[in-house]
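Novice: Next up, target33.txt (compact mmCIF, C-alpha atoms).
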# COMPACT_ATOMS: atom_id res chain seq x y z
CA MET A 140 3.02 28.30 -49.91
CA ALA A 141 6.77 28.89 -49.76
CA GLY A 142 7.71 30.82 -46.62
CA GLU A 143 7.93 30.68 -42.86
CA TYR A 144 5.01 29.57 -40.69
CA ARG A 145 4.12 29.31 -37.05
CA VAL A 146 2.26 26.03 -36.58
CA GLN A 147 -0.22 25.27 -33.85
CA TRP A 148 -0.19 21.49 -33.55
CA ILE A 149 -3.20 20.09 -31.64
CA VAL A 150 -2.61 16.46 -30.74
CA ASP A 151 -5.59 14.21 -30.01
CA THR A 152 -4.51 12.24 -26.96
CA SER A 153 -7.80 10.41 -26.37
CA GLY A 154 -7.60 6.68 -25.98
CA TYR A 155 -6.71 4.21 -23.29
CA PRO A 156 -5.68 4.85 -20.59
CA PRO A 157 -7.89 7.98 -20.37
CA ARG A 158 -5.92 11.23 -20.59
CA PRO A 159 -6.78 14.86 -21.24
CA SER A 160 -8.20 14.90 -24.76
CA GLN A 161 -5.73 17.36 -26.32
CA ARG A 162 -2.22 18.68 -26.10
CA THR A 163 -1.02 21.73 -28.04
CA GLU A 164 2.49 22.25 -29.41
CA HIS A 165 3.96 25.26 -31.19
CA LEU A 166 6.36 24.75 -34.09
CA GLN A 167 7.98 26.71 -36.89
CA LEU A 168 7.83 25.47 -40.46
CA PHE A 169 10.14 26.67 -43.21
CA LEU A 170 9.26 25.85 -46.84
CA TRP A 171 11.38 26.62 -49.91
CA PRO A 172 10.70 25.98 -53.62
CA THR A 173 12.27 22.91 -55.15
CA SER A 174 14.29 23.18 -58.34
CA MET A 175 15.35 20.79 -61.08
CA LYS A 176 18.88 22.08 -60.31
CA ASP A 177 18.76 20.75 -56.73
CA SER A 178 21.45 18.20 -55.92
CA SER A 179 22.05 15.82 -53.04
CA ARG A 180 25.38 16.39 -51.33
CA ARG A 181 25.37 12.90 -49.81
CA ALA A 182 24.10 10.81 -52.76
CA HIS A 183 25.21 13.08 -55.63
CA LEU A 184 21.78 12.73 -57.24
CA GLY A 185 19.34 15.23 -58.64
CA PRO A 186 15.57 15.05 -58.86
CA VAL A 187 13.80 12.86 -61.41
CA PRO A 188 12.20 14.58 -64.45
CA ASN A 189 9.09 16.65 -63.61
CA ASP A 190 9.74 16.24 -59.88
CA THR A 191 9.00 19.90 -59.09
CA VAL A 192 5.40 19.40 -60.28
CA VAL A 193 4.80 16.63 -57.72
CA HIS A 194 7.11 18.06 -55.03
CA PRO A 195 7.05 21.88 -55.31
CA LEU A 196 8.34 22.62 -51.79
CA TYR A 197 10.77 21.20 -49.25
CA GLY A 198 11.87 22.33 -45.83
CA LEU A 199 11.91 21.54 -42.13
CA MET A 200 9.84 21.95 -38.98
CA VAL A 201 11.42 22.80 -35.63
CA PRO A 202 10.16 23.73 -32.15
CA ASP A 203 9.05 27.37 -32.00
CA THR A 204 11.83 29.00 -30.01
CA GLY A 205 10.98 32.56 -31.02
CA GLU A 206 12.59 34.66 -33.71
CA PHE A 207 14.84 33.18 -36.36
CA ASP A 208 16.97 35.80 -38.08
CA ARG A 209 17.81 35.57 -41.79
CA ASP A 210 21.30 34.16 -41.12
CA ARG A 211 19.92 31.37 -38.93
CA ILE A 212 17.23 30.51 -41.51
CA GLN A 213 19.86 30.40 -44.28
CA GLN A 214 22.04 28.14 -42.11
CA LEU A 215 19.09 25.78 -41.52
CA ARG A 216 18.37 25.68 -45.27
CA SER A 217 21.99 25.02 -46.22
CA ASN A 218 22.08 22.01 -43.87
CA ILE A 219 19.13 20.30 -45.60
CA ASP A 220 19.61 17.85 -48.44
CA PRO A 221 16.99 19.05 -50.97
CA ILE A 222 16.66 15.57 -52.51
CA TYR A 223 16.05 13.88 -49.11
CA PRO A 224 14.55 16.71 -46.98
CA PRO A 225 12.92 16.41 -43.54
CA VAL A 226 9.71 18.00 -44.93
CA LEU A 227 8.47 17.51 -48.49
CA LEU A 228 5.20 18.72 -50.03
CA ARG A 229 3.47 16.17 -52.20
CA ALA A 230 1.07 18.25 -54.30
CA GLY A 231 -2.14 17.27 -56.00
CA PRO A 232 -5.45 15.75 -54.94
CA ILE A 233 -4.87 13.07 -52.33
CA GLN A 234 -7.55 10.81 -50.88
CA SER A 235 -6.30 9.15 -47.73
CA LEU A 236 -7.69 8.44 -44.29
CA SER A 237 -11.08 9.61 -45.63
CA VAL A 238 -9.74 13.18 -45.86
CA GLY A 239 -9.78 14.96 -49.20
CA ALA A 240 -6.64 17.08 -49.39
CA ALA A 241 -5.00 19.40 -51.88
CA GLY A 242 -1.60 18.10 -50.82
CA VAL A 243 0.27 16.49 -47.99
CA LEU A 244 3.41 17.62 -46.21
CA LEU A 245 5.50 14.54 -45.44
CA LEU A 246 7.45 14.82 -42.17
CA GLU A 247 10.54 12.69 -41.62
CA THR A 248 9.25 9.76 -43.70
CA VAL A 249 10.97 7.27 -45.99
CA GLY A 250 8.74 8.85 -48.65
CA ASN A 251 10.69 12.13 -48.46
CA ARG A 252 12.65 11.33 -51.59
CA ARG A 253 12.97 13.17 -54.87
CA ASP A 254 15.13 10.49 -56.52
CA GLY A 255 12.24 8.53 -58.04
CA VAL A 256 12.10 5.79 -55.38
CA LEU A 257 8.66 5.31 -53.83
CA SER A 258 8.59 4.15 -50.19
CA LEU A 259 5.42 3.98 -48.11
CA ASP A 260 6.30 2.02 -44.96
CA GLY A 261 8.37 3.03 -41.96
CA THR A 262 7.87 5.98 -39.64
CA GLY A 263 6.87 9.57 -40.14
CA MET A 264 3.81 11.74 -40.37
CA GLY A 265 1.66 13.38 -43.00
CA MET A 266 0.03 16.81 -42.74
CA TRP A 267 -3.02 16.81 -45.04
CA VAL A 268 -3.71 20.38 -46.22
CA THR A 269 -7.48 20.84 -46.52
CA GLN A 270 -7.71 24.66 -46.56
CA ALA A 271 -5.20 27.30 -47.64
CA ASN A 272 -5.04 31.02 -48.38
CA ALA A 273 -2.42 33.79 -48.43
CA ASN A 274 -2.25 33.82 -44.61
CA GLY A 275 -1.62 30.11 -44.08
CA PHE A 276 -3.17 26.69 -44.22
CA ARG A 277 -4.82 24.08 -42.02
CA GLY A 278 -5.72 20.43 -41.95
CA SER A 279 -5.10 17.22 -40.08
CA PHE A 280 -2.07 15.05 -39.40
CA ASP A 281 -1.59 11.34 -38.82
CA ARG A 282 0.93 8.60 -39.44
CA TRP A 283 2.50 8.14 -42.87
CA GLY A 284 3.62 4.54 -42.85
CA VAL A 285 3.14 1.56 -40.59
CA VAL A 286 4.36 2.98 -37.27
CA LEU A 287 1.72 4.60 -35.03
CA THR A 288 2.35 8.29 -34.33
CA ASP A 289 0.40 11.25 -32.99
CA LYS A 290 -2.67 12.43 -34.86
CA GLY A 291 -4.73 15.57 -34.70
CA HIS A 292 -5.21 18.93 -36.41
CA PHE A 293 -3.00 21.90 -37.22
CA CYS A 294 -3.13 25.53 -38.28
CA ALA A 295 -0.12 27.12 -39.97
CA PHE A 296 0.03 30.93 -39.89
CA ARG A 297 2.36 32.72 -42.31
CA PHE A 298 5.05 34.68 -40.50
CA ARG A 299 5.68 38.02 -42.16
CA ARG A 300 9.00 39.78 -41.61
Show me, as structure tokens, the structure contained in the file I just sent.
Specialist:
Amino acid sequence: MAGEYRVQWIVDTSGYPPRPSQRTEHLQLFLWPTSMKDSSRRAHLGPVPNDTVVHPLYGLMVPDTGEFDRDRIQQLRSNIDPIYPPVLLRAGPIQSLSVGAAGVLLLETVGNRRDGVLSLDGTGMGMWVTQANANGFRGSFDRWGVVLTDKGHFCAFRFRR
């Protein structure tokens, strides 16, 4: 799953007061492999043993503003702390919110840690991956923690250079 994706984010806006039932956003997702050699520049920590099995990818998601050249992508990657990244894939079977998933991408949560500390409260979102192939993946998203956030469905399409 490492790579660059264009994400179509379909937010369910139903509820009270009545509103149009959906809103669509377009984002870009960048995912890179984790490594046991990764190191936090701010905390001077590395990952815990076997971390890359549980967390094989990290990255970030940004608004889709068009093309990102290789230099810009490298600059984005170099500004991310790989031990405390904005996006972190938690791999393995996950049963949550009645959705069976092969993994969940954690977005801006207190759970985005590779230092062995487990945190489940706070803000952030989870993207539950329910289908994947060589061209991308899809699933649903909802809050990850105690703070209410958007929820809905997404499709991530691999961007090929």
Novice: So the first atom is CA of Leu196 (chain A) and the second is CA of Gln161 (chain A); what is the distance between them in Å, to one decimal place?
Specialist: 29.6 Å
Novice: For the atom pair CA of Tyr144 (chain A) and CA of Met175 (chain A), what is the interatomic distance in Å to one decimal place?
Specialist: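 Separation of CA of Tyr144 (chain A) and CA of Met175 (chain A): 24.5 Å.
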Novice: Please provide the set of residues having any atom within 10 Å of Thr204 (chain A), restricted to all atoms listed in the file, with same-chain residues fewer than 6 positions apart removed, written as a PyMOL selection string.
Specialist: chain A and resi 165-167
Novice: Closest to Ser217 (chain A) among A:Val249, A:Trp171, A:Val192, A:Phe293, using all atoms listed in the file?
Specialist: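 Nearest to Ser217 (chain A): A:Trp171.
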Novice: At a cut-off of 6 Å, using all atoms listed in the file, what residues contact Ser279 (chain A)? Leave out same-chain residues fewer than 6 positions from it and give the result as a list of chain:residue names.
Specialist: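 These residues fall inside the cut-off: A:Met266, A:Trp267, A:Gly291, A:His292, A:Phe293.
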Novice: Okay, now the selection with C-alpha atoms, as a compact mmCIF listing (two decimals), in the frame of the given file?
Specialist:
# COMPACT_ATOMS: atom_id res chain seq x y z
CA MET A 266 0.03 16.81 -42.74
CA TRP A 267 -3.02 16.81 -45.04
CA GLY A 291 -4.73 15.57 -34.70
CA HIS A 292 -5.21 18.93 -36.41
CA PHE A 293 -3.00 21.90 -37.22
Novice: Counting only C-alpha atoms, which residue out of A:Thr269, A:Asn218, A:Thr173, A:Asn251 sits closest to Ala141 (chain A)?
Specialist: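 Of A:Thr269, A:Asn218, A:Thr173, A:Asn251, the one nearest Ala141 (chain A) is A:Thr173, counting only C-alpha atoms.
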Novice: Quick one: axis-aligned box around all listed atoms of region 242-250 of chain A, 4 Å on every side, centre and edge lengths in Å to one decimal, written as lines of an AutoDock Vina configuration file.
Specialist:
center_x = 4.7
center_y = 12.7
center_z = -46.2
size_x = 20.6
size_y = 18.8
size_z = 17.2
Novice: Expressed in Å to a single decimal, how great is the separation between CA of Asp289 (chain A) and CA of Val150 (chain A)?
Specialist: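 Atom-to-atom, CA of Asp289 (chain A) and CA of Val150 (chain A) are spaced 6.4 Å apart.
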Novice: Excluding Asp220 (chain A) and its own-chain neighbours fewer than 4 positions away, which residues fall within 9 Å of it when counting all atoms listed in the file? Please give them as a list in words.
Specialist: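 In the requested format, the answer is Asp177, Ser178, Ser179, Arg180, Arg181, Arg216, Pro224 and Pro225 of chain A.
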Novice: Write out as a ChimeraX atom specification each polymer residue whose atoms come within 12 Å of Pro188 (chain A), counting only C-alpha atoms; drop sequence neighbours fewer than 5 positions from it.
Specialist: /A:174-177,193-194,253-255
Novice: Please provide as a PyMOL selection string all residues within 12 Å of Val226 (chain A), with the sequence filter that same-chain residues fewer than 3 positions apart are discarded (counting only C-alpha atoms).
Specialist: chain A and resi 167-173+194-201+216+219-223+229+243-253+263-266
Novice: Between A:Gly242, A:Gly261, A:Pro202, A:Gly185, single out the one closest to Gln147 (chain A), counting all atoms listed in the file.
Specialist: A:Pro202
Novice: From (3.5, 27.7, -40.2), in the file's coordinates, out to 7 Å: which residues are reached, counting only C-alpha atoms? Answer as a VMD selection string.
Specialist: chain A and resid 143 to 146 167 to 168 275 295 to 297
